[in-house]
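Input: a single structure, listed below in structure tokens.
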Amino acid sequence: MSKKRILSGMQPSGLLHLGNYFGALKNWVSLQDDYECFYFIADWHSLTTLYENPGQIPKFTREVAIDWLAAGLDPEKCTLFVQSRIPEHAELHLILSMIVPVSWLERNPTYKEKQQEVKTVDMSSYGFLGYPVLQTADIVLYNAHYVPVGIDQAPHLELSREIVRRFQHFYKKKVLIEPEAKISEVPKLNGIDGRKMSKSYNNAIYLSDSEKEITKKIQSMLTDPQRLRRNDPGDPDVCNLFPFHKLFSSEEKQAYVDENCRTAGIGCGDCKALLAESMLEGMRPLMERRAELMAKPKEVDEILDEGTERARKVAQNTMRKVKEAMKLK
């Protein structure tokens, strides 16, 4: 029996950070043995925020690919490709945009959320309003059965399903698959300042950071705001450090930190030193693989070239069926 197909992507709008890793990338790695996985670098989507300085996108595209490979994505098990190198994405996006009511896009919760989050860029563009249509094209071009998302993102995928249903209704042929959400547990991970970890907030720990940079960032992390003095008891449940301990520290170390934080047996500086030790130990294999890949940029480019070639054959076949359904050929 053939494997079900999964598709997902990441924007190369900056370097990848721990939020990207634990929010998606780690899960992608675990899926590649059981599913036929297509993972793409969504460089056209990056233009929604980098339209004034698009020259950064090629550099970030390679950086994202290096992070993926360092994290464990295997090009022998999954197809890794670049969105803009497959013009069928833009073609299907254009076709679908003709049948999508503007009201559907305006009710998308992410549209207003992102505008409020990103203050340095004017996000009121036609392209950003219509990004769910491009997102739908990205998914259905590859006949993806599932899209891995966190529970809070599931409603966004429903818009793609509605667009597919509208297409099938107009043209009376089921040539596109309605994608389903594959819900994954996404740990809540804030940045060093306590806000959501984000490139735009400049509060992230990046997969490309050096050991020195990671240690320095941990030392500057916000802790329990109620713990003002060394002998004040703390509360790991509200401290920004403890979610990272849950991801990187052993159960023994977590128990030690939990008890001694609550009893003021250790200070926040001690807790940060323990976290730095655990995080560096946990990230070291990825950091070493990343350094090896950085020294072999041609190999990384070849992997993307080969994956893009495989993916385009699938996209071209889908576009042929779409045009036949619409009687455009």
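Letters A, B, ... go to the chains of the structure tokens in the order shown; residues in each chain start at 1; ligands are counted from 1 in the same order.
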Taking the chain letters and numbering used in this document, name the residues of range 68-145 of chain A that DSSP puts in strand (DSSP E), as a list in words.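 Answer for range 68-145 of chain A restricted to strand (DSSP E) is Cys78, Thr79, Leu80, Phe81 and Val82 of chain A.
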Env of range 5-21 of chain A: 7 Å cut, atoms = only C-alpha atoms, seq-sep filter 6 positions within chain, self excluded. Answer as a VMD selection string. chain A and resid 35 to 43 45 to 46 50 57 60 to 61 63 to 64 139 144 to 148 189 197 199 204 to 207
Pick from A:Ser103, A:Asn240, A:Ser160, A:Ser2: nearest to Arg195 in chain A, with only C-alpha atoms counted? A:Asn240
To test your reading of the structure, identify every residue in range 157-270 of chain A that backbone DSSP assigns to helix (DSSP H, G or I), and report it as a PyMOL selection string. chain A and resi 157-171+211-219+242-248+251-262+268-270
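The space separating CA of Gly234 in chain A from CA of Thr263 in chain A comes to 7.3 Å.
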Write out, as a tab-separated table, each residue of range 63-139 of chain A that has an atom at most 12 Å from range 167-173 of chain A, together with the closest pair of atoms and their distance in Å to one decimal, counting only C-alpha atoms, rows going by chain and rising number.
residue	atom	partner	partner_atom	distance
A:Leu92	CA	A:Phe167	CA	11.5
A:Ile95	CA	A:Phe167	CA	9.8
A:Leu96	CA	A:Phe167	CA	7.7
A:Ser97	CA	A:Phe167	CA	10.6
A:Met98	CA	A:Phe167	CA	10.2
A:Ile99	CA	A:Phe167	CA	7.4
A:Val100	CA	A:Phe167	CA	9.1
A:Thr136	CA	A:Phe167	CA	11.6
A:Ala137	CA	A:Phe167	CA	11.7
Close residues, Pro297 in chain A itself excluded, 12 Å, only C-alpha atoms, min 6 positions apart in chain, as a VMD selection string: chain A and resid 59 61 to 63 65 to 66 69 290 to 291 303 to 304
Writer output for current selection, C-alpha atoms, as a PDB file, in the first residue's frame:
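Contents of the output file result13.pdb:
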ATOM      1  CA  LYS A  59      20.894  33.497   1.427  1.00  0.00           C
ATOM      2  CA  THR A  61      16.946  29.815   1.463  1.00  0.00           C
ATOM      3  CA  ARG A  62      20.265  28.016   1.738  1.00  0.00           C
ATOM      4  CA  GLU A  63      20.408  28.612   5.506  1.00  0.00           C
ATOM      5  CA  ALA A  65      18.034  24.025   3.807  1.00  0.00           C
ATOM      6  CA  ILE A  66      21.152  23.588   5.938  1.00  0.00           C
ATOM      7  CA  LEU A  69      19.439  18.711   6.822  1.00  0.00           C
ATOM      8  CA  ARG A 290      25.408  22.207  10.505  1.00  0.00           C
ATOM      9  CA  ALA A 291      29.088  23.158  10.455  1.00  0.00           C
ATOM     10  CA  ILE A 303      19.884  18.366  -2.929  1.00  0.00           C
ATOM     11  CA  LEU A 304      17.476  21.269  -3.517  1.00  0.00           C
TER      12      LEU A 304
END
In Å, with one decimal, what is the gap from CA of Pro101 in chain A to CA of Tyr142 in chain A?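 Those two atoms sit 23.8 Å apart.
Excluding Ser249 in chain A itself and same-chain residues fewer than 4 positions from it, the residues having an atom within 12 Å of it are Leu241, Phe242, Pro243, Phe244, His245, Lys253, Gln254, Ala255, Tyr256, Val257, Asp258, Cys271, Lys272, Ala273, Leu274, Leu275, Ala276, Glu277, Ser278, Met279, Leu280, Glu281, Gly282 and Met283 of chain A, counting only C-alpha atoms.
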